[in-house]
file start00.txt (compact mmCIF, C-alpha atoms and all ligand atoms)
# COMPACT_ATOMS: atom_id res chain seq x y z
CA MET D 8 -12.37 2.56 -12.97
CA ALA D 9 -9.60 1.91 -10.45
CA LYS D 10 -7.70 -1.34 -10.89
CA ILE D 11 -6.68 -3.62 -8.06
CA GLY D 12 -2.93 -4.09 -7.64
CA LEU D 13 -1.12 -6.43 -5.28
CA GLY D 14 1.06 -4.97 -2.51
CA THR D 15 3.94 -7.27 -1.60
CA ALA D 16 4.64 -6.21 2.00
CA ALA D 17 3.02 -9.37 3.36
CA ILE D 18 4.98 -11.77 1.14
CA GLY D 19 8.40 -10.23 1.72
CA ARG D 20 8.90 -10.55 5.45
CA PRO D 21 7.34 -12.83 8.02
CA LEU D 22 6.15 -10.02 10.29
CA TYR D 23 4.42 -6.76 9.42
CA ILE D 24 2.07 -4.34 11.07
CA ASN D 25 -1.45 -5.72 11.38
CA ILE D 26 -4.24 -6.57 13.72
CA LYS D 27 -3.20 -10.09 14.67
CA GLU D 28 -2.64 -10.15 18.38
CA LYS D 29 -0.39 -13.15 18.49
CA ASN D 30 1.75 -14.85 15.93
CA THR D 31 0.67 -18.47 15.96
CA SER D 32 2.42 -19.60 12.80
CA LYS D 33 5.08 -22.33 12.74
CA PRO D 34 8.80 -21.45 12.77
CA PHE D 35 9.86 -19.38 9.80
CA ASP D 36 11.23 -21.31 6.81
CA LYS D 37 12.69 -18.91 4.24
CA GLU D 38 12.59 -21.32 1.27
CA GLU D 39 8.97 -22.19 1.93
CA PHE D 40 8.15 -18.50 2.38
CA ILE D 41 9.64 -17.73 -1.04
CA ARG D 42 7.67 -20.57 -2.66
CA GLU D 43 4.45 -19.28 -1.09
CA GLY D 44 5.22 -15.76 -2.31
CA GLU D 45 5.84 -17.00 -5.87
CA ALA D 46 2.62 -19.00 -5.74
CA LEU D 47 0.71 -15.88 -4.67
CA LEU D 48 2.24 -13.92 -7.56
CA ASP D 49 1.28 -16.72 -10.00
CA PHE D 50 -2.24 -16.75 -8.61
CA ALA D 51 -2.53 -12.96 -8.86
CA TYR D 52 -1.32 -13.06 -12.48
CA ALA D 53 -3.76 -15.83 -13.37
CA LYS D 54 -6.54 -13.72 -11.85
CA GLY D 55 -5.61 -10.80 -14.09
CA ILE D 56 -3.55 -8.63 -11.74
CA ARG D 57 -0.99 -6.65 -13.70
CA ILE D 58 0.14 -4.17 -11.03
CA LEU D 59 2.54 -4.94 -8.19
CA ASP D 60 3.82 -2.65 -5.46
CA THR D 61 7.03 -3.43 -3.66
CA ALA D 62 9.96 -1.89 -1.73
CA PRO D 63 13.39 -2.82 -0.41
CA GLY D 64 11.91 -2.23 3.06
CA TYR D 65 9.68 -5.29 2.54
CA GLY D 66 12.39 -7.88 3.20
CA LEU D 67 12.83 -10.13 0.19
CA ALA D 68 9.76 -8.85 -1.68
CA GLU D 69 11.52 -6.71 -4.28
CA ASN D 70 13.91 -9.50 -5.18
CA LEU D 71 11.06 -12.01 -5.24
CA VAL D 72 9.20 -9.84 -7.77
CA LEU D 73 12.34 -9.42 -9.88
CA GLU D 74 13.13 -13.15 -9.98
CA TRP D 75 9.50 -14.03 -10.64
CA LEU D 76 9.28 -11.64 -13.60
CA LYS D 77 12.50 -13.06 -15.03
CA GLN D 78 11.69 -16.73 -14.50
CA ARG D 79 8.18 -16.44 -15.89
CA LYS D 80 9.35 -14.09 -18.70
CA ILE D 81 6.54 -11.71 -17.84
CA SER D 82 6.52 -8.35 -19.56
CA ASP D 83 2.97 -7.11 -19.08
CA VAL D 84 3.12 -6.35 -15.35
CA PHE D 85 3.76 -2.83 -14.06
CA VAL D 86 5.74 -2.49 -10.86
CA SER D 87 6.02 0.39 -8.42
CA SER D 88 8.86 0.35 -5.93
CA LYS D 89 10.26 2.73 -3.34
CA TRP D 90 13.40 3.86 -1.59
CA GLY D 91 14.03 5.12 1.92
CA TYR D 92 13.61 2.12 4.23
CA THR D 93 16.10 -0.65 4.88
CA TYR D 94 14.84 -3.96 6.21
CA VAL D 95 16.99 -4.96 9.19
CA ALA D 96 15.11 -7.78 10.97
CA ASP D 97 16.83 -10.60 9.06
CA PHE D 98 13.55 -12.60 9.09
CA SER D 99 13.78 -13.06 12.85
CA GLU D 100 10.47 -13.29 14.66
CA THR D 101 11.97 -11.78 17.78
CA ALA D 102 13.65 -8.79 16.15
CA LYS D 103 13.24 -5.55 18.07
CA GLU D 104 13.88 -3.38 15.04
CA HIS D 105 12.38 -4.16 11.63
CA GLU D 106 13.24 -1.26 9.36
CA VAL D 107 15.37 1.85 9.36
CA LYS D 108 14.27 5.00 7.58
CA GLU D 109 16.80 7.16 5.80
CA HIS D 110 15.84 9.76 3.22
CA SER D 111 19.34 10.68 2.05
CA LEU D 112 20.84 10.90 -1.43
CA ALA D 113 23.24 8.10 -0.46
CA LYS D 114 20.34 5.78 0.42
CA LEU D 115 18.51 6.67 -2.78
CA ASN D 116 21.57 5.86 -4.88
CA GLU D 117 22.28 2.65 -2.95
CA GLN D 118 18.72 1.31 -3.29
CA TRP D 119 18.30 2.47 -6.89
CA LYS D 120 21.24 0.25 -7.89
CA VAL D 121 19.09 -2.77 -6.99
CA THR D 122 15.64 -1.45 -7.95
CA LYS D 123 16.73 -0.46 -11.46
CA GLU D 124 17.01 -4.18 -12.26
CA LEU D 125 13.21 -4.09 -12.37
CA LEU D 126 13.27 -1.90 -15.49
CA PRO D 127 11.42 -1.95 -17.87
CA SER D 128 8.62 -3.35 -15.68
CA LEU D 129 9.26 -0.60 -13.14
CA ASN D 130 6.98 2.30 -14.00
CA THR D 131 6.77 4.20 -10.71
CA TYR D 132 9.52 5.03 -8.21
CA GLN D 133 8.41 6.44 -4.87
CA ILE D 134 9.84 8.03 -1.75
CA HIS D 135 8.80 5.53 0.92
CA SER D 136 6.74 7.35 3.57
CA ALA D 137 7.62 10.92 2.78
CA THR D 138 6.96 12.84 5.98
CA LEU D 139 7.63 16.43 6.99
CA ASP D 140 10.23 15.49 9.60
CA THR D 141 12.85 13.99 7.26
CA GLY D 142 12.88 17.14 5.11
CA VAL D 143 13.06 14.95 2.00
CA LEU D 144 10.73 17.21 0.02
CA GLN D 145 13.17 20.09 0.50
CA ASN D 146 16.33 18.08 -0.18
CA THR D 147 17.35 19.52 -3.54
CA ASP D 148 20.03 16.89 -4.17
CA VAL D 149 17.46 14.11 -3.78
CA LEU D 150 14.84 15.95 -5.86
CA LYS D 151 17.32 16.58 -8.68
CA ARG D 152 18.39 12.93 -8.67
CA LEU D 153 14.76 11.78 -8.87
CA TYR D 154 14.20 14.15 -11.78
CA GLU D 155 17.24 12.69 -13.51
CA LEU D 156 15.88 9.14 -13.07
CA LYS D 157 12.47 10.23 -14.33
CA LYS D 158 13.91 11.69 -17.52
CA LYS D 159 16.45 8.97 -18.19
CA HIS D 160 14.19 5.97 -17.60
CA HIS D 161 10.75 7.42 -18.41
CA ILE D 162 9.32 6.42 -15.05
CA ALA D 163 6.77 8.17 -12.88
CA ILE D 164 8.14 9.63 -9.66
CA GLY D 165 5.96 9.38 -6.59
CA ILE D 166 5.67 9.57 -2.86
CA THR D 167 3.92 7.35 -0.38
CA THR D 168 2.43 9.02 2.67
CA THR D 169 1.54 7.91 6.13
CA GLY D 170 0.23 9.47 9.34
CA HIS D 171 -2.32 12.13 10.14
CA LYS D 172 -0.46 14.78 8.14
CA GLN D 173 -0.83 13.00 4.77
CA LEU D 174 -2.72 15.93 3.30
CA GLU D 175 -0.07 18.48 4.26
CA VAL D 176 2.64 16.26 2.76
CA MET D 177 0.65 15.77 -0.44
CA ARG D 178 0.14 19.53 -0.81
CA LEU D 179 3.82 20.18 -0.30
CA ALA D 180 4.81 17.46 -2.79
CA MET D 181 2.36 18.73 -5.41
CA ASN D 182 4.23 22.01 -5.49
CA VAL D 183 7.72 20.55 -5.80
CA GLN D 184 9.24 21.48 -9.14
CA VAL D 185 12.55 20.71 -10.76
CA LYS D 186 13.45 22.72 -13.86
CA ASN D 187 10.02 24.35 -13.75
CA GLU D 188 8.30 20.98 -13.99
CA ALA D 189 6.22 19.23 -11.35
CA LEU D 190 8.33 16.34 -10.05
CA PHE D 191 5.76 14.03 -8.49
CA ASP D 192 3.35 12.18 -10.77
CA SER D 193 2.04 9.59 -8.35
CA PHE D 194 0.76 9.58 -4.77
CA GLN D 195 0.37 6.36 -2.79
CA VAL D 196 -1.85 7.24 0.15
CA THR D 197 -3.89 5.72 2.92
CA TYR D 198 -7.63 5.98 2.38
CA ASN D 199 -10.34 3.74 3.78
CA VAL D 200 -13.74 3.73 5.48
CA PHE D 201 -12.15 5.33 8.56
CA ASP D 202 -9.56 7.87 7.38
CA GLN D 203 -11.07 9.64 4.38
CA ARG D 204 -9.23 12.94 4.78
CA ILE D 205 -7.32 12.88 1.49
CA ALA D 206 -10.65 13.21 -0.33
CA GLU D 207 -10.55 16.89 0.68
CA LEU D 208 -7.76 17.32 -1.83
CA VAL D 209 -8.27 14.54 -4.37
CA ASP D 210 -11.96 15.31 -4.98
CA ILE D 211 -11.33 18.97 -5.64
CA ASP D 212 -8.32 19.75 -7.73
CA PHE D 213 -6.00 16.86 -8.33
CA ASP D 214 -4.47 15.71 -11.59
CA ARG D 215 -1.90 13.13 -10.44
CA LYS D 216 -2.08 9.35 -10.12
CA ILE D 217 -3.59 8.03 -6.87
CA ILE D 218 -2.66 4.61 -5.51
CA ILE D 219 -4.62 3.65 -2.41
CA LYS D 220 -3.01 1.57 0.30
CA GLU D 221 -4.27 0.26 3.62
CA ALA D 222 -7.79 0.00 2.20
CA LEU D 223 -8.51 -2.57 4.91
CA ALA D 224 -6.89 -0.43 7.59
CA ASN D 225 -4.39 -3.22 8.36
CA GLY D 226 -7.30 -5.50 9.23
CA ARG D 227 -9.23 -3.00 11.37
CA VAL D 228 -12.22 -3.12 8.96
CA PHE D 229 -13.07 -6.63 10.15
CA PRO D 230 -15.62 -6.53 13.01
CA ASN D 231 -13.81 -6.27 16.33
CA VAL D 232 -16.07 -4.32 18.68
CA GLN D 233 -14.28 -5.52 21.74
CA ARG D 234 -11.08 -3.79 20.72
CA TYR D 235 -12.67 -0.97 18.70
CA PRO D 236 -16.12 -0.23 20.15
CA GLN D 237 -16.03 3.17 18.42
CA TYR D 238 -16.34 1.41 15.05
CA GLU D 239 -19.59 -0.41 15.76
CA ALA D 240 -21.51 1.65 13.17
CA HIS D 241 -18.82 0.91 10.55
CA TYR D 242 -19.01 -2.80 11.28
CA ASP D 243 -22.83 -2.81 11.08
CA LEU D 244 -22.86 -1.04 7.72
CA LEU D 245 -20.03 -3.11 6.22
CA LEU D 246 -21.83 -6.29 7.31
CA GLU D 247 -25.12 -5.09 5.85
CA LEU D 248 -23.46 -4.38 2.49
CA SER D 249 -21.45 -7.59 2.49
CA LYS D 250 -24.70 -9.52 2.91
CA LYS D 251 -26.43 -7.52 0.20
CA TYR D 252 -23.65 -8.15 -2.35
CA THR D 253 -22.77 -11.65 -1.03
CA VAL D 254 -19.09 -10.78 -0.68
CA GLY D 255 -16.79 -10.35 2.32
CA ILE D 256 -16.29 -7.15 4.27
CA ASP D 257 -12.88 -6.83 2.61
CA ALA D 258 -14.50 -6.58 -0.85
CA VAL D 259 -16.92 -3.89 0.36
CA ALA D 260 -14.07 -1.89 1.94
CA LEU D 261 -11.98 -2.15 -1.24
CA ARG D 262 -14.95 -1.26 -3.43
CA PHE D 263 -15.51 1.88 -1.35
CA CYS D 264 -11.97 2.98 -2.29
CA MET D 265 -12.74 2.36 -5.97
CA ASP D 266 -16.14 4.10 -6.07
CA SER D 267 -15.89 7.01 -3.65
CA ILE D 268 -12.75 8.84 -4.79
CA LYS D 269 -10.80 9.42 -8.02
CA SER D 270 -8.39 6.53 -7.53
CA ASP D 271 -6.32 4.82 -10.23
CA ILE D 272 -5.11 1.80 -8.29
CA VAL D 273 -6.31 0.22 -5.06
CA LEU D 274 -3.79 -2.11 -3.47
CA SER D 275 -4.72 -5.42 -1.97
CA GLY D 276 -2.40 -6.40 0.88
CA ALA D 277 -3.50 -10.04 0.69
CA ASN D 278 -1.33 -12.51 2.45
CA THR D 279 -2.82 -15.70 0.97
CA GLN D 280 -4.50 -16.81 -2.26
CA LYS D 281 -7.79 -17.18 -0.40
CA GLN D 282 -7.63 -13.58 0.82
CA LEU D 283 -6.75 -12.33 -2.66
CA ALA D 284 -9.65 -14.22 -4.23
CA GLU D 285 -11.96 -12.64 -1.63
CA ASN D 286 -10.46 -9.19 -2.23
CA LEU D 287 -10.98 -9.50 -5.99
CA LYS D 288 -14.73 -9.89 -5.49
CA ALA D 289 -14.62 -6.08 -5.24
CA TYR D 290 -14.81 -6.20 -9.06
CA ASP D 291 -18.16 -8.00 -8.99
CA PHE D 292 -20.43 -5.16 -7.86
CA VAL D 293 -20.72 -1.39 -7.55
CA LEU D 294 -21.83 0.56 -4.48
CA THR D 295 -24.78 2.90 -4.97
CA GLU D 296 -24.40 6.62 -4.40
CA GLU D 297 -26.54 6.35 -1.31
CA GLU D 298 -24.33 3.58 0.11
CA ILE D 299 -21.20 5.60 -0.58
CA ALA D 300 -22.75 8.60 1.15
CA ARG D 301 -23.57 6.48 4.19
CA ILE D 302 -19.98 5.26 4.45
CA LYS D 303 -18.64 8.78 3.94
CA MET D 304 -20.66 9.91 6.96
CA LEU D 305 -18.64 7.49 9.07
CA LYS D 306 -15.26 9.13 8.47
CA VAL D 307 -13.20 9.49 11.63
CA ASP D 308 -10.64 11.96 12.90
CA PRO D 309 -7.30 10.99 11.29
CA GLU D 310 -5.36 11.76 14.47
CA GLY D 311 -7.22 9.09 16.42
CA TYR D 312 -6.95 6.65 13.53
CA TRP D 313 -3.18 7.05 13.28
CA SER D 314 -2.58 6.92 17.01
CA GLU D 315 -4.40 3.55 16.98
CA ARG D 316 -2.25 2.40 14.08
CA LYS D 317 0.89 3.22 16.05
CA LYS D 318 -0.29 0.77 18.69
CA LEU D 319 -0.57 -2.10 16.19
CA GLU D 320 2.27 -4.54 16.47
CA TRP D 321 4.54 -6.37 14.07
CA ASN D 322 2.83 -9.78 13.84
N1 LIG D 401 4.06 3.63 3.64
C1 LIG D 401 3.88 2.82 2.62
O1 LIG D 401 4.43 3.04 1.59
C2 LIG D 401 2.98 1.64 2.74
C3 LIG D 401 2.45 1.31 3.98
C4 LIG D 401 1.57 0.25 4.04
C5 LIG D 401 1.26 -0.45 2.89
N2 LIG D 401 1.79 -0.15 1.70
C6 LIG D 401 1.47 -0.91 0.48
O2 LIG D 401 0.09 -1.22 0.45
C7 LIG D 401 -0.09 -2.64 0.38
C8 LIG D 401 -1.39 -3.02 1.08
O3 LIG D 401 -1.42 -2.47 2.37
P1 LIG D 401 -1.57 -3.21 3.74
O4 LIG D 401 -0.95 -4.55 3.70
O5 LIG D 401 -1.05 -2.33 4.77
O6 LIG D 401 -3.05 -3.18 3.95
P2 LIG D 401 -4.49 -3.66 4.08
O7 LIG D 401 -5.00 -4.04 2.74
O8 LIG D 401 -5.16 -2.56 4.82
O9 LIG D 401 -4.45 -4.92 5.04
C9 LIG D 401 -3.99 -6.15 4.59
C10 LIG D 401 -4.30 -7.21 5.64
O10 LIG D 401 -5.70 -7.44 5.69
C11 LIG D 401 -5.93 -8.80 5.97
N3 LIG D 401 -6.84 -9.37 4.95
C12 LIG D 401 -6.86 -9.11 3.62
N4 LIG D 401 -7.85 -9.81 3.03
C13 LIG D 401 -8.46 -10.51 4.00
C14 LIG D 401 -9.57 -11.41 4.02
N5 LIG D 401 -10.25 -11.72 2.92
N6 LIG D 401 -9.91 -11.96 5.21
C15 LIG D 401 -9.23 -11.65 6.34
N7 LIG D 401 -8.18 -10.80 6.39
C16 LIG D 401 -7.82 -10.25 5.23
C17 LIG D 401 -4.59 -9.51 5.97
O11 LIG D 401 -4.20 -9.64 7.34
P3 LIG D 401 -3.49 -10.97 7.95
O12 LIG D 401 -2.12 -10.95 7.41
O13 LIG D 401 -3.56 -10.73 9.40
O14 LIG D 401 -4.26 -12.16 7.52
C18 LIG D 401 -3.70 -8.54 5.25
O15 LIG D 401 -2.37 -8.61 5.67
C19 LIG D 401 1.19 -3.21 0.97
O16 LIG D 401 1.45 -4.52 0.57
C20 LIG D 401 2.20 -2.24 0.39
O17 LIG D 401 2.51 -2.58 -0.94
C21 LIG D 401 2.65 0.91 1.61

call {"tool": "encode", "arguments": {"input": "start00.txt", "output": "structure tokens"}}
result
Amino acid sequence: MAKIGLGTAAIGRPLYINIKEKNTSKPFDKEEFIREGEALLDFAYAKGIRILDTAPGYGLAENLVLEWLKQRKISDVFVSSKWGYTYVADFSETAKEHEVKEHSLAKLNEQWKVTKELLPSLNTYQIHSATLDTGVLQNTDVLKRLYELKKKHHIAIGITTTGHKQLEVMRLAMNVQVKNEALFDSFQVTYNVFDQRIAELVDIDFDRKIIIKEALANGRVFPNVQRYPQYEAHYDLLLELSKKYTVGIDAVALRFCMDSIKSDIVLSGANTQKQLAENLKAYDFVLTEEEIARIKMLKVDPEGYWSERKKLEWN
């Protein structure tokens, strides 16, 4: 059964893409933010979470994870990290630009210098948002370097995908070989009650690790018919199931990602201990085949889903 891991995007920078329409929080205090992040990691560990996902693009998250592992002398947590995005907002709530994407060998080498400090906890190293436009999956210098890291450090090499062309990117990545060996072992992909397209590939012929992200669609799974009237049927069904299993809608949405597709890890993007505790209730029940089939019928066109996501703001 898929395990729940904790994504650290929300604890590494004060703003990230989600549904909140207005940021109502008090002025940003970096020391307090770090303490809250550490407390969330402690809480996750106490609740049995042994998988963390991070990235240099998530502000201070990667360093927070590193320091936390060291201070607590923790050796039974597996970490996945990424390269390819640089965080540039300097924790400012008014920043116009938050991250810069660069899929070059120079960026890989620069970010690896920091990420390698996570070894031996680091078990998966991913290209952050591999898309067709950056040409990263054809960049032989980058691919060779990733192969070298894989062999030298015995880590899985992966990609994360985003956008309505996830499936095309996954297919391309599956065929990438270095020295006659498949390079990519792990695929971190968006899958949820709305965008279910990757099932077309994963359900049929797929032998790599699947890590699911955005299981809550950045908050869009929570009933919001005013903004998303097209999701009324989703909201009705999620509410019905959340009542039946006496859990929140978040737990039902996460459980769908665990039961409906061959997933290894489903990431929680919880921002607070309360949210994480609610998310973890996904372990307390199993959806029936009939319920899964009903949710599957509600899949939407990925193009519409991703054009909506583009309109979400950094909050
Ligand atoms: N391209 C990539 O590589 C990529 C992209 C995205 C994510 N990721 C990874 O996936 C992880 C999870 O993804 P995500 O943060 O995008 O996705 P998500 O799980 O779809 O959404 C997380 C958001 O849902 C809300 N939430 C969670 N539990 C809740 C509850 N019980 N009640 C109310 N709201 C709740 C929170 O919003 P509020 O903050 O508004 O409360 C939280 O920030 C990230 O941390 C990161 O590690 C990777």

call {"tool": "residues_around", "arguments": {"input": "start00.txt", "residues": "D:Val121", "least_positions_apart": "2", "cutoff": "12 Å", "atoms": "all atoms listed in the file", "output": "PyMOL selection string"}}
result
chain D and resi 62-63+69-70+73+88-90+114-119+123-126+129

call {"tool": "residues_around", "arguments": {"input": "start00.txt", "residues": "stretch 254-270 of chain D", "least_positions_apart": "5", "cutoff": "9 Å", "atoms": "only C-alpha atoms", "output": "PyMOL selection string"}}
result
chain D and resi 8-11+198-200+206+209-210+213+216-219+222-223+226+228-230+242+245-246+248-249+275+282+285-296+299-300+302-303

call {"tool": "write_last_selection", "arguments": {"input": "start00.txt", "atoms": "C-alpha atoms", "output": "PDB file, in the frame of the given file"}}
result
ATOM      1  CA  MET D   8     -12.370   2.560 -12.970  1.00  0.00           C
ATOM      2  CA  ALA D   9      -9.600   1.910 -10.450  1.00  0.00           C
ATOM      3  CA  LYS D  10      -7.700  -1.340 -10.890  1.00  0.00           C
ATOM      4  CA  ILE D  11      -6.680  -3.620  -8.060  1.00  0.00           C
ATOM      5  CA  TYR D 198      -7.630   5.980   2.380  1.00  0.00           C
ATOM      6  CA  ASN D 199     -10.340   3.740   3.780  1.00  0.00           C
ATOM      7  CA  VAL D 200     -13.740   3.730   5.480  1.00  0.00           C
ATOM      8  CA  ALA D 206     -10.650  13.210  -0.330  1.00  0.00           C
ATOM      9  CA  VAL D 209      -8.270  14.540  -4.370  1.00  0.00           C
ATOM     10  CA  ASP D 210     -11.960  15.310  -4.980  1.00  0.00           C
ATOM     11  CA  PHE D 213      -6.000  16.860  -8.330  1.00  0.00           C
ATOM     12  CA  LYS D 216      -2.080   9.350 -10.120  1.00  0.00           C
ATOM     13  CA  ILE D 217      -3.590   8.030  -6.870  1.00  0.00           C
ATOM     14  CA  ILE D 218      -2.660   4.610  -5.510  1.00  0.00           C
ATOM     15  CA  ILE D 219      -4.620   3.650  -2.410  1.00  0.00           C
ATOM     16  CA  ALA D 222      -7.790   0.000   2.200  1.00  0.00           C
ATOM     17  CA  LEU D 223      -8.510  -2.570   4.910  1.00  0.00           C
ATOM     18  CA  GLY D 226      -7.300  -5.500   9.230  1.00  0.00           C
ATOM     19  CA  VAL D 228     -12.220  -3.120   8.960  1.00  0.00           C
ATOM     20  CA  PHE D 229     -13.070  -6.630  10.150  1.00  0.00           C
ATOM     21  CA  PRO D 230     -15.620  -6.530  13.010  1.00  0.00           C
ATOM     22  CA  TYR D 242     -19.010  -2.800  11.280  1.00  0.00           C
ATOM     23  CA  LEU D 245     -20.030  -3.110   6.220  1.00  0.00           C
ATOM     24  CA  LEU D 246     -21.830  -6.290   7.310  1.00  0.00           C
ATOM     25  CA  LEU D 248     -23.460  -4.380   2.490  1.00  0.00           C
ATOM     26  CA  SER D 249     -21.450  -7.590   2.490  1.00  0.00           C
ATOM     27  CA  SER D 275      -4.720  -5.420  -1.970  1.00  0.00           C
ATOM     28  CA  GLN D 282      -7.630 -13.580   0.820  1.00  0.00           C
ATOM     29  CA  GLU D 285     -11.960 -12.640  -1.630  1.00  0.00           C
ATOM     30  CA  ASN D 286     -10.460  -9.190  -2.230  1.00  0.00           C
ATOM     31  CA  LEU D 287     -10.980  -9.500  -5.990  1.00  0.00           C
ATOM     32  CA  LYS D 288     -14.730  -9.890  -5.490  1.00  0.00           C
ATOM     33  CA  ALA D 289     -14.620  -6.080  -5.240  1.00  0.00           C
ATOM     34  CA  TYR D 290     -14.810  -6.200  -9.060  1.00  0.00           C
ATOM     35  CA  ASP D 291     -18.160  -8.000  -8.990  1.00  0.00           C
ATOM     36  CA  PHE D 292     -20.430  -5.160  -7.860  1.00  0.00           C
ATOM     37  CA  VAL D 293     -20.720  -1.390  -7.550  1.00  0.00           C
ATOM     38  CA  LEU D 294     -21.830   0.560  -4.480  1.00  0.00           C
ATOM     39  CA  THR D 295     -24.780   2.900  -4.970  1.00  0.00           C
ATOM     40  CA  GLU D 296     -24.400   6.620  -4.400  1.00  0.00           C
ATOM     41  CA  ILE D 299     -21.200   5.600  -0.580  1.00  0.00           C
ATOM     42  CA  ALA D 300     -22.750   8.600   1.150  1.00  0.00           C
ATOM     43  CA  ILE D 302     -19.980   5.260   4.450  1.00  0.00           C
ATOM     44  CA  LYS D 303     -18.640   8.780   3.940  1.00  0.00           C
TER      45      LYS D 303
END

call {"tool": "axis_aligned_box", "arguments": {"input": "start00.txt", "around": "ligand LIG 401 (chain D)", "padding_each_side": "3 Å", "output": "JSON"}}
result
{"center_x": -2.9, "center_y": -4.3, "center_z": 4.2, "size_x": 20.7, "size_y": 21.8, "size_z": 16.3}

call {"tool": "residues_near_ligand", "arguments": {"input": "start00.txt", "ligand": "ligand LIG 401 (chain D)", "cutoff": "6 Å", "atoms": "only C-alpha atoms and all ligand atoms", "output": "MDAnalysis selection string"}}
result
chainID D and resid 14:17 25 27 60:61 135:136 167:169 220:226 257 274:278 282 285:286

call {"tool": "residues_around", "arguments": {"input": "start00.txt", "residues": "D:Phe191", "least_positions_apart": "6", "cutoff": "7 Å", "atoms": "all atoms listed in the file", "output": "PDB file with C-alpha atoms, keeping the file's coordinate frame"}}
result
ATOM      1  CA  ILE D 164       8.140   9.630  -9.660  1.00  0.00           C
ATOM      2  CA  GLY D 165       5.960   9.380  -6.590  1.00  0.00           C
ATOM      3  CA  ALA D 180       4.810  17.460  -2.790  1.00  0.00           C
ATOM      4  CA  MET D 181       2.360  18.730  -5.410  1.00  0.00           C
TER       5      MET D 181
END

call {"tool": "closest_residue", "arguments": {"input": "start00.txt", "among": "D:Val72, D:Leu67, D:Ile134, D:Ala284", "to": "D:Val95", "atoms": "only C-alpha atoms"}}
result
D:Leu67

call {"tool": "closest_residue", "arguments": {"input": "start00.txt", "among": "D:Gly55, D:Gly66, D:Pro127, D:Gly91", "to": "D:Pro21", "atoms": "all atoms listed in the file"}}
result
D:Gly66

call {"tool": "atom_distance", "arguments": {"input": "start00.txt", "atom1": "atom CA of D:Asn146", "atom2": "atom CA of D:Lys172"}}
result
19.0 Å

call {"tool": "atom_distance", "arguments": {"input": "start00.txt", "atom1": "atom CA of D:Lys33", "atom2": "atom CA of D:Gly64"}}
result
23.3 Å
